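Below is input.txt, which holds compact mmCIF, C-alpha atoms.
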```
# COMPACT_ATOMS: atom_id res chain seq x y z
CA MET A 1 102.34 177.00 127.45
CA LYS A 2 105.22 174.79 128.61
CA MET A 3 102.88 171.78 128.29
CA ASN A 4 101.89 172.82 124.75
CA LEU A 5 105.55 173.11 123.73
CA THR A 6 106.37 169.66 125.18
CA LEU A 7 103.39 168.14 123.39
CA SER A 8 104.32 169.82 120.11
CA ILE A 9 107.84 168.39 120.31
CA VAL A 10 106.63 164.88 121.20
CA CYS A 11 103.92 165.03 118.49
CA ALA A 12 106.51 166.09 115.94
CA ILE A 13 109.05 163.41 116.86
CA GLY A 14 106.54 160.60 117.38
CA PRO A 15 105.44 160.01 113.78
CA VAL A 16 109.08 159.68 112.73
CA PHE A 17 109.53 156.76 115.16
CA LEU A 18 106.21 155.22 114.21
CA ILE A 19 106.36 155.48 110.43
CA PHE A 20 109.56 153.48 110.09
CA PRO A 21 109.12 150.31 112.19
CA SER A 22 107.82 148.37 109.18
CA SER A 23 110.89 149.20 107.14
CA ALA A 24 113.08 148.50 110.19
CA LEU A 25 111.61 145.00 110.36
CA ALA A 26 112.14 144.53 106.64
CA HIS A 27 115.87 145.29 107.04
CA PRO A 28 116.84 144.03 110.49
CA MET A 29 119.68 146.03 111.99
CA LYS A 30 121.43 144.74 115.08
CA GLY A 31 120.39 146.69 118.14
CA VAL A 32 117.98 149.06 116.40
CA GLY A 33 115.53 146.19 115.76
CA ASP A 34 115.14 145.45 119.47
CA PHE A 35 114.25 149.06 120.26
CA TYR A 36 111.51 149.04 117.62
CA ALA A 37 110.41 145.59 118.79
CA GLY A 38 109.85 147.17 122.22
CA MET A 39 107.81 149.95 120.62
CA LEU A 40 105.73 147.60 118.49
CA HIS A 41 105.12 144.82 121.00
CA PRO A 42 102.36 146.49 123.06
CA MET A 43 100.83 147.86 119.87
CA THR A 44 100.17 144.39 118.48
CA SER A 45 98.07 143.35 121.50
CA VAL A 46 94.50 144.67 121.69
CA GLU A 47 94.57 143.82 125.39
CA CYS A 48 97.37 146.38 125.89
CA VAL A 49 96.40 149.02 123.32
CA LEU A 50 92.80 149.58 124.44
CA PRO A 51 93.55 150.39 128.12
CA ILE A 52 96.47 152.61 127.03
CA ILE A 53 94.13 154.51 124.66
CA ALA A 54 91.62 154.88 127.51
CA LEU A 55 94.37 156.15 129.85
CA SER A 56 95.60 158.63 127.23
CA LEU A 57 92.07 160.01 126.70
CA LEU A 58 91.57 160.20 130.48
CA ALA A 59 94.85 162.12 130.79
CA GLY A 60 93.61 164.54 128.11
CA GLN A 61 90.44 165.20 130.13
CA GLN A 62 92.43 166.12 133.27
CA ASN A 63 94.14 169.36 134.26
CA ARG A 64 97.74 170.03 133.21
CA ARG A 65 99.37 168.80 136.44
CA THR A 66 97.47 165.51 136.47
CA ALA A 67 98.05 165.00 132.74
CA ILE A 68 101.82 165.42 133.19
CA ALA A 69 101.77 163.01 136.16
CA ILE A 70 100.03 160.36 134.04
CA LEU A 71 102.34 161.07 131.10
CA LEU A 72 105.42 160.40 133.24
CA SER A 73 104.20 157.67 135.60
CA PHE A 74 102.97 155.30 132.88
CA PRO A 75 106.25 154.86 130.93
CA ILE A 76 108.34 154.77 134.13
CA ALA A 77 106.10 152.06 135.64
CA SER A 78 106.09 150.05 132.41
CA ALA A 79 109.89 150.18 132.13
CA LEU A 80 110.33 149.12 135.78
CA ALA A 81 107.86 146.25 135.38
CA ALA A 82 109.53 145.09 132.17
CA LEU A 83 112.83 144.94 134.09
CA LEU A 84 111.06 143.01 136.85
CA ALA A 85 109.77 140.55 134.25
CA LEU A 86 113.38 139.54 133.53
CA VAL A 87 113.49 137.80 136.92
CA LEU A 88 109.83 137.23 137.76
CA PRO A 89 107.53 135.13 135.53
CA VAL A 90 104.37 136.86 134.30
CA SER A 91 101.31 136.21 136.43
CA PRO A 92 98.06 135.22 134.66
CA PHE A 93 96.40 137.98 136.68
CA VAL A 94 98.13 140.56 134.45
CA ALA A 95 95.66 139.87 131.62
CA VAL A 96 92.72 140.18 134.05
CA ILE A 97 94.06 143.51 135.39
CA ASN A 98 94.55 144.86 131.85
CA THR A 99 90.98 143.89 130.96
CA SER A 100 89.69 145.40 134.22
CA ALA A 101 91.64 148.56 133.37
CA MET A 102 89.69 148.79 130.10
CA ALA A 103 86.43 148.74 132.07
CA VAL A 104 87.53 151.18 134.82
CA LEU A 105 89.40 153.68 132.62
CA GLY A 106 86.70 153.49 129.92
CA ILE A 107 83.96 154.32 132.45
CA LEU A 108 86.05 157.23 133.81
CA VAL A 109 86.50 158.60 130.26
CA ALA A 110 82.75 158.23 129.62
CA LEU A 111 82.00 160.12 132.86
CA ASN A 112 84.45 162.92 131.90
CA ARG A 113 85.21 163.90 135.51
CA SER A 114 88.34 165.44 137.01
CA LEU A 115 90.23 162.95 139.13
CA PRO A 116 92.46 163.62 142.14
CA LEU A 117 96.15 163.57 141.22
CA GLU A 118 96.91 160.62 143.52
CA ILE A 119 94.16 158.42 142.05
CA SER A 120 95.27 159.25 138.50
CA VAL A 121 98.88 158.36 139.27
CA ILE A 122 97.85 155.08 140.94
CA LEU A 123 95.69 154.10 137.94
CA SER A 124 98.42 155.06 135.50
CA ALA A 125 101.16 153.28 137.46
CA VAL A 126 99.11 150.08 137.90
CA LEU A 127 98.39 149.93 134.17
CA GLY A 128 102.04 150.75 133.42
CA LEU A 129 103.17 147.90 135.69
CA THR A 130 100.86 145.31 134.11
CA VAL A 131 101.58 146.41 130.53
CA GLY A 132 105.32 146.44 131.26
CA TRP A 133 105.21 143.08 133.00
CA ALA A 134 103.14 141.47 130.20
CA ASN A 135 105.43 142.78 127.45
CA GLY A 136 108.71 142.31 129.30
CA GLY A 137 107.75 138.72 130.07
CA GLU A 138 107.66 137.92 126.36
CA LEU A 139 111.26 138.96 125.72
CA SER A 140 113.10 136.22 123.86
CA SER A 141 116.69 135.28 124.74
CA ASP A 142 118.09 136.87 121.56
CA THR A 143 116.44 140.25 122.27
CA SER A 144 118.38 142.95 124.09
CA ALA A 145 116.34 143.98 127.14
CA TYR A 146 118.28 147.25 127.34
CA ARG A 147 117.01 148.29 123.93
CA PHE A 148 113.57 146.64 124.08
CA ILE A 149 112.57 148.27 127.38
CA PRO A 150 113.37 151.88 126.32
CA GLY A 151 111.29 151.22 123.19
CA LEU A 152 108.42 150.06 125.38
CA ALA A 153 108.71 153.19 127.57
CA VAL A 154 108.92 155.52 124.55
CA VAL A 155 105.79 154.12 122.89
CA GLY A 156 103.90 154.53 126.20
CA LEU A 157 105.08 158.13 126.43
CA LEU A 158 104.05 158.80 122.83
CA LEU A 159 100.61 157.21 123.06
CA ILE A 160 99.73 159.08 126.26
CA SER A 161 101.01 162.36 124.81
CA TYR A 162 98.98 161.86 121.60
CA GLY A 163 95.85 161.27 123.69
CA ILE A 164 96.51 164.43 125.73
CA GLY A 165 97.25 166.46 122.60
CA LEU A 166 94.21 165.15 120.76
CA VAL A 167 91.67 165.67 123.57
CA ARG A 168 93.04 169.12 124.45
CA SER A 169 92.89 170.27 120.84
CA LEU A 170 89.18 169.41 120.51
CA ASP A 171 86.98 172.50 120.60
CA MET A 172 83.66 171.25 119.23
CA PRO A 173 81.21 169.81 121.80
CA TRP A 174 80.46 166.80 119.55
CA ALA A 175 84.17 165.94 119.43
CA LYS A 176 84.35 165.91 123.25
CA THR A 177 81.29 163.66 123.24
CA ALA A 178 83.06 161.39 120.73
CA VAL A 179 85.89 160.99 123.27
CA ARG A 180 83.35 159.98 125.94
CA VAL A 181 81.68 157.55 123.52
CA THR A 182 85.11 156.00 122.81
CA GLY A 183 85.55 155.53 126.57
CA SER A 184 82.13 153.92 126.77
CA TRP A 185 83.00 151.51 123.92
CA ILE A 186 86.31 150.53 125.58
CA ALA A 187 84.52 149.99 128.91
CA ALA A 188 81.88 147.81 127.24
CA ILE A 189 84.59 145.64 125.64
CA GLY A 190 86.40 145.32 128.98
CA ILE A 191 83.22 144.38 130.90
CA LEU A 192 82.28 141.74 128.30
CA VAL A 193 85.71 140.10 128.19
CA LEU A 194 85.99 140.25 131.98
CA SER A 195 82.75 138.28 132.25
CA LEU A 196 84.44 135.37 130.44
CA ASN A 197 86.81 134.84 133.38
CA LYS A 198 85.66 132.04 135.61
CA MET B 1 99.35 171.97 113.08
CA ARG B 2 99.38 169.80 116.21
CA ARG B 3 96.01 168.36 115.20
CA TRP B 4 97.45 167.24 111.86
CA LEU B 5 100.49 165.77 113.60
CA ALA B 6 98.19 163.83 115.96
CA ILE B 7 96.19 162.48 112.99
CA LEU B 8 99.41 161.53 111.17
CA ALA B 9 100.67 159.80 114.31
CA SER B 10 97.43 157.80 114.64
CA ILE B 11 97.68 156.64 111.03
CA ALA B 12 101.31 155.69 111.55
CA ILE B 13 100.46 153.67 114.67
CA PHE B 14 97.83 151.56 112.95
CA ASP B 15 99.94 151.12 109.82
CA SER B 16 102.74 149.65 111.91
CA SER B 17 100.53 147.28 113.86
CA ALA B 18 98.89 146.09 110.65
CA PHE B 19 102.26 145.06 109.26
CA ALA B 20 103.62 143.67 112.52
CA HIS B 21 101.35 140.63 112.98
CA THR B 22 98.77 138.97 110.78
CA MET B 23 96.85 137.57 113.82
CA PRO B 24 94.43 135.19 112.03
CA GLY B 25 92.49 134.27 115.22
CA GLN B 26 92.16 137.87 116.34
CA ALA B 27 91.24 139.09 112.87
CA GLN B 28 88.61 136.35 112.54
CA GLY B 29 87.20 137.27 115.96
CA PHE B 30 87.02 140.94 114.98
CA ILE B 31 85.33 140.27 111.63
CA THR B 32 82.78 137.88 113.19
CA GLY B 33 82.03 140.39 115.95
CA PHE B 34 81.82 143.32 113.53
CA LEU B 35 79.45 141.49 111.20
CA HIS B 36 77.19 140.15 113.97
CA PRO B 37 75.16 143.36 114.49
CA LEU B 38 75.10 143.86 110.70
CA SER B 39 73.79 140.37 109.95
CA GLY B 40 70.26 141.00 111.20
CA LEU B 41 67.86 143.69 109.95
CA ASP B 42 66.36 143.93 113.46
CA HIS B 43 69.75 144.87 114.97
CA ILE B 44 70.57 147.35 112.21
CA LEU B 45 67.21 149.14 112.33
CA ALA B 46 67.15 149.34 116.13
CA MET B 47 70.69 150.72 116.39
CA VAL B 48 70.15 153.29 113.64
CA ALA B 49 66.82 154.18 115.30
CA VAL B 50 68.61 154.87 118.61
CA GLY B 51 70.83 157.40 116.80
CA ILE B 52 67.91 159.00 114.93
CA TRP B 53 65.81 159.32 118.09
CA GLY B 54 68.81 160.80 119.94
CA SER B 55 69.12 163.44 117.20
CA GLN B 56 65.39 164.18 117.35
CA LEU B 57 65.51 164.59 121.12
CA GLY B 58 68.53 166.92 120.87
CA ARG B 59 70.75 167.74 123.82
CA PRO B 60 71.46 166.11 126.21
CA ALA B 61 69.91 162.88 124.81
CA ILE B 62 72.01 163.06 121.63
CA TRP B 63 75.14 162.36 123.71
CA VAL B 64 73.63 160.54 126.71
CA LEU B 65 72.16 157.72 124.62
CA PRO B 66 75.32 156.81 122.62
CA VAL B 67 77.48 157.01 125.78
CA ALA B 68 75.08 154.99 127.96
CA PHE B 69 73.99 152.42 125.35
CA PRO B 70 77.28 150.43 125.07
CA LEU B 71 77.59 150.24 128.87
CA VAL B 72 74.04 148.95 129.34
CA MET B 73 74.46 146.65 126.33
CA SER B 74 77.59 145.18 127.95
CA PHE B 75 75.48 144.37 131.03
CA GLY B 76 73.11 142.40 128.77
CA GLY B 77 76.18 140.83 127.14
CA VAL B 78 77.47 139.66 130.53
CA LEU B 79 74.11 137.95 131.16
CA GLY B 80 74.43 136.26 127.74
CA VAL B 81 78.03 135.16 128.40
CA ARG B 82 77.08 133.78 131.80
CA GLY B 83 74.12 131.91 130.29
CA VAL B 84 71.53 133.79 132.34
CA PRO B 85 68.33 133.31 130.32
CA ILE B 86 66.24 136.33 129.37
CA PRO B 87 62.82 135.27 128.08
CA GLY B 88 61.93 136.46 124.58
CA VAL B 89 65.29 137.94 123.56
CA GLU B 90 64.45 137.73 119.84
CA ILE B 91 61.01 139.25 120.45
CA GLY B 92 62.67 142.03 122.47
CA VAL B 93 65.13 142.77 119.66
CA ALA B 94 62.35 142.87 117.03
CA ALA B 95 60.11 144.91 119.34
CA SER B 96 62.91 147.45 119.78
CA ALA B 97 62.66 148.34 116.07
CA LEU B 98 58.87 148.72 116.42
CA VAL B 99 58.92 150.83 119.60
CA LEU B 100 61.83 153.05 118.56
CA GLY B 101 60.26 153.46 115.10
CA ILE B 102 57.00 154.60 116.71
CA MET B 103 58.90 157.06 118.94
CA ILE B 104 60.60 158.58 115.87
CA ALA B 105 57.35 158.63 113.85
CA LEU B 106 55.56 160.46 116.66
CA ALA B 107 58.63 162.65 117.33
CA ALA B 108 57.98 161.69 120.96
CA ARG B 109 59.83 163.77 123.54
CA PRO B 110 59.53 161.94 126.86
CA PRO B 111 61.70 163.00 129.84
CA LEU B 112 65.34 161.95 129.42
CA TRP B 113 65.12 159.22 132.06
CA VAL B 114 62.14 157.62 130.28
CA ALA B 115 64.00 157.69 126.94
CA ALA B 116 67.10 156.24 128.63
CA LEU B 117 64.98 153.53 130.26
CA ILE B 118 63.36 152.52 126.94
CA VAL B 119 66.69 152.47 125.08
CA GLY B 120 68.44 150.78 128.04
CA ALA B 121 65.88 147.96 128.19
CA PHE B 122 66.40 147.23 124.50
CA ALA B 123 70.18 147.52 124.92
CA ILE B 124 70.03 144.58 127.35
CA PHE B 125 68.20 142.41 124.76
CA HIS B 126 70.70 143.33 122.02
CA GLY B 127 73.68 142.80 124.37
CA HIS B 128 72.33 139.40 125.44
CA ALA B 129 71.98 138.29 121.81
CA HIS B 130 75.61 139.29 121.05
CA GLY B 131 76.94 138.00 124.39
CA THR B 132 75.75 134.43 123.85
CA GLU B 133 78.07 134.25 120.81
CA LEU B 134 81.08 135.65 122.69
CA PRO B 135 82.44 132.45 124.32
CA LYS B 136 82.38 130.68 120.92
CA ALA B 137 84.46 133.39 119.22
CA ALA B 138 87.99 132.70 117.95
CA SER B 139 89.18 135.69 119.99
CA PRO B 140 86.56 136.97 122.47
CA LEU B 141 88.42 140.26 122.92
CA THR B 142 88.47 141.17 119.24
CA TYR B 143 84.92 139.79 118.81
CA ALA B 144 83.77 142.22 121.53
CA LEU B 145 85.80 145.01 119.87
CA GLY B 146 84.13 144.26 116.53
CA PHE B 147 80.55 144.16 117.73
CA VAL B 148 80.86 147.21 120.01
CA LEU B 149 82.44 149.14 117.12
CA ALA B 150 79.76 148.06 114.62
CA THR B 151 76.97 148.93 117.08
CA GLY B 152 78.52 152.32 117.76
CA LEU B 153 78.94 153.05 114.06
CA LEU B 154 75.27 152.21 113.47
CA HIS B 155 74.40 154.79 116.17
CA VAL B 156 76.63 157.31 114.39
CA CYS B 157 74.79 156.59 111.09
CA GLY B 158 71.49 157.26 112.85
CA ILE B 159 72.77 160.47 114.47
CA LEU B 160 74.16 161.76 111.15
CA PHE B 161 70.92 160.91 109.35
CA GLY B 162 69.02 162.57 112.19
CA LEU B 163 70.83 165.86 111.59
CA ILE B 164 68.30 166.64 108.82
CA ASN B 165 65.84 167.22 111.67
CA PHE B 166 66.66 170.94 111.84
CA ARG B 167 64.89 171.56 108.50
CA PRO B 168 61.07 171.28 108.40
CA ALA B 169 61.17 168.91 105.40
CA GLY B 170 63.96 166.93 107.07
CA ALA B 171 61.93 166.56 110.27
CA LYS B 172 59.03 165.16 108.21
CA ALA B 173 61.36 162.76 106.36
CA LEU B 174 62.73 161.62 109.71
CA ARG B 175 59.25 160.89 111.05
CA MET B 176 58.46 158.95 107.88
CA SER B 177 61.64 156.91 108.32
CA GLY B 178 60.46 156.13 111.87
CA GLY B 179 57.17 154.89 110.41
CA LEU B 180 59.06 152.64 108.00
CA ILE B 181 61.22 151.26 110.82
CA ALA B 182 58.06 150.54 112.85
CA ILE B 183 56.45 148.72 109.89
CA VAL B 184 59.56 146.56 109.43
CA GLY B 185 59.45 145.91 113.20
CA ILE B 186 55.87 144.62 112.85
CA VAL B 187 56.90 142.38 109.93
CA LEU B 188 59.78 140.99 112.00
CA LEU B 189 57.46 140.30 114.94
CA VAL B 190 54.92 138.58 112.68
CA ASN B 191 57.72 136.45 111.18
CA LEU B 192 58.84 135.48 114.67
CA ALA B 193 55.28 134.53 115.62
CA HIS B 194 55.03 132.26 112.56
CA SER B 195 58.44 130.60 113.04
```
Take the structure in the file and write it out as structure tokens.
Amino acid sequence: MKMNLTLSIVCAIGPVFLIFPSSALAHPMKGVGDFYAGMLHPMTSVECVLPIIALSLLAGQQNRRTAIAILLSFPIASALAALLALVLPVSPFVAVINTSAMAVLGILVALNRSLPLEISVILSAVLGLTVGWANGGELSSDTSAYRFIPGLAVVGLLLISYGIGLVRSLDMPWAKTAVRVTGSWIAAIGILVLSLNK
Amino acid sequence: MRRWLAILASIAIFDSSAFAHTMPGQAQGFITGFLHPLSGLDHILAMVAVGIWGSQLGRPAIWVLPVAFPLVMSFGGVLGVRGVPIPGVEIGVAASALVLGIMIALAARPPLWVAALIVGAFAIFHGHAHGTELPKAASPLTYALGFVLATGLLHVCGILFGLINFRPAGAKALRMSGGLIAIVGIVLLVNLAHS
């Protein structure tokens, strides 16, 4: 019940944040623009969006405790890694890990199995770290890290919560299969792109 | 209510990303990838046939085949990307329309593992054909996204068409469509033999 209430609040607030970024970009406002830049940045990279979608669907397939652990660990890890990126240059392995995450998380969604809490948190934190590092590393000198990074964390929180809300609200068997098929598609994309790495 | 909010949120997400970047390379990669399975009649017929046959077979094949197909196809794609030759890829792709068409026409109900093996074997041929184009794409990631999405949507078309199977007249129409797919498969094979 508590989980449903949290999700309802996040689902209600989320669209408000997400509907306005375009207009925010059209009329740049000092400070506010950097927060929305943080929210938009991972969304404009397929390499980041697809594994996050897979993680959010996986979280929706898990029990309440594991779902909450994923919901919290991902944004925290991404914020920490984005801070780390301020002092540490982004490794080229980040892209490989994000692509591998597509394959691994996609296969797990396709299998639709319950995962141990520890494994789920590790997967979520690793993806959070690489997404945070990749996005934080692209901060320009005129962008405020202290506004960009909260934006990055908030969009992670929202995307995972939408995935949980969506999967948990599905009653029809075909809709649950559609979630598994989506996982299978994401895994296939990840495997193919991974094969391009020498 | 929450379902509507989730749908609204999804629309809002994609609206924002569409305005944020124009991404010419990525968009080109996506369009090329999306159109690749739609550019050949052999690919279209085989993918739709997978969906129709899944519907005919019912549960669990109706969900096993669409979930397993992209994964097996990606294995074929990896072979294509890596340049591992598979003899007779084009023949395999054309033969997939013929074999799957015959299965639908006969309303064949083999054990699930046999059906998965038949579909899986053809998935490798189709994946190999798409995979060889992947390294040349403007954006390999969005190319892969496009062709996996198009392939999946063709399966969905087949599954939706296959839903008429629960009516006696629909089941007959479905078997006739399988016959037509098989005939086109023969024509494609004959064309390949002459080329």
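Atom to atom, CA of Val96 in chain A and CA of Ala81 in chain A stand 16.4 Å apart.
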task = Name all residues at most 7 Å from range 44-50 of chain B (count only C-alpha atoms; drop same-chain ones fewer than 5 positions away) and give them as number ranges by chain.
result = B: 37-38, 96-97, 100-101, 151, 154-155, 157-158, 181
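One finds CA of Ala94 in chain B at 5.9 Å from CA of Leu189 in chain B.
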task = Have a look at CA of Ala79 in chain A and CA of Pro150 in chain A and let me know their distance in Å, one decimal.
result =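 Separation between CA of Ala79 in chain A and CA of Pro150 in chain A: 7.0 Å.
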query = Which is closest to Phe147 in chain B among A:Leu192, A:Leu127, A:Met172, A:Leu152, if we use all atoms listed in the file?
reply =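 Closest candidate: A:Leu192.
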Using the file's own x, y and z axes, what box holds all listed atoms of range 86-91 of chain A with 3 Å on each side, keeping edges along x, y and z, and what are its centre and edge lengths in Å to one decimal, as AutoDock Vina command-line options?
```
--center_x 107.4 --center_y 137.3 --center_z 135.6 --size_x 18.2 --size_y 10.4 --size_z 10.2
```
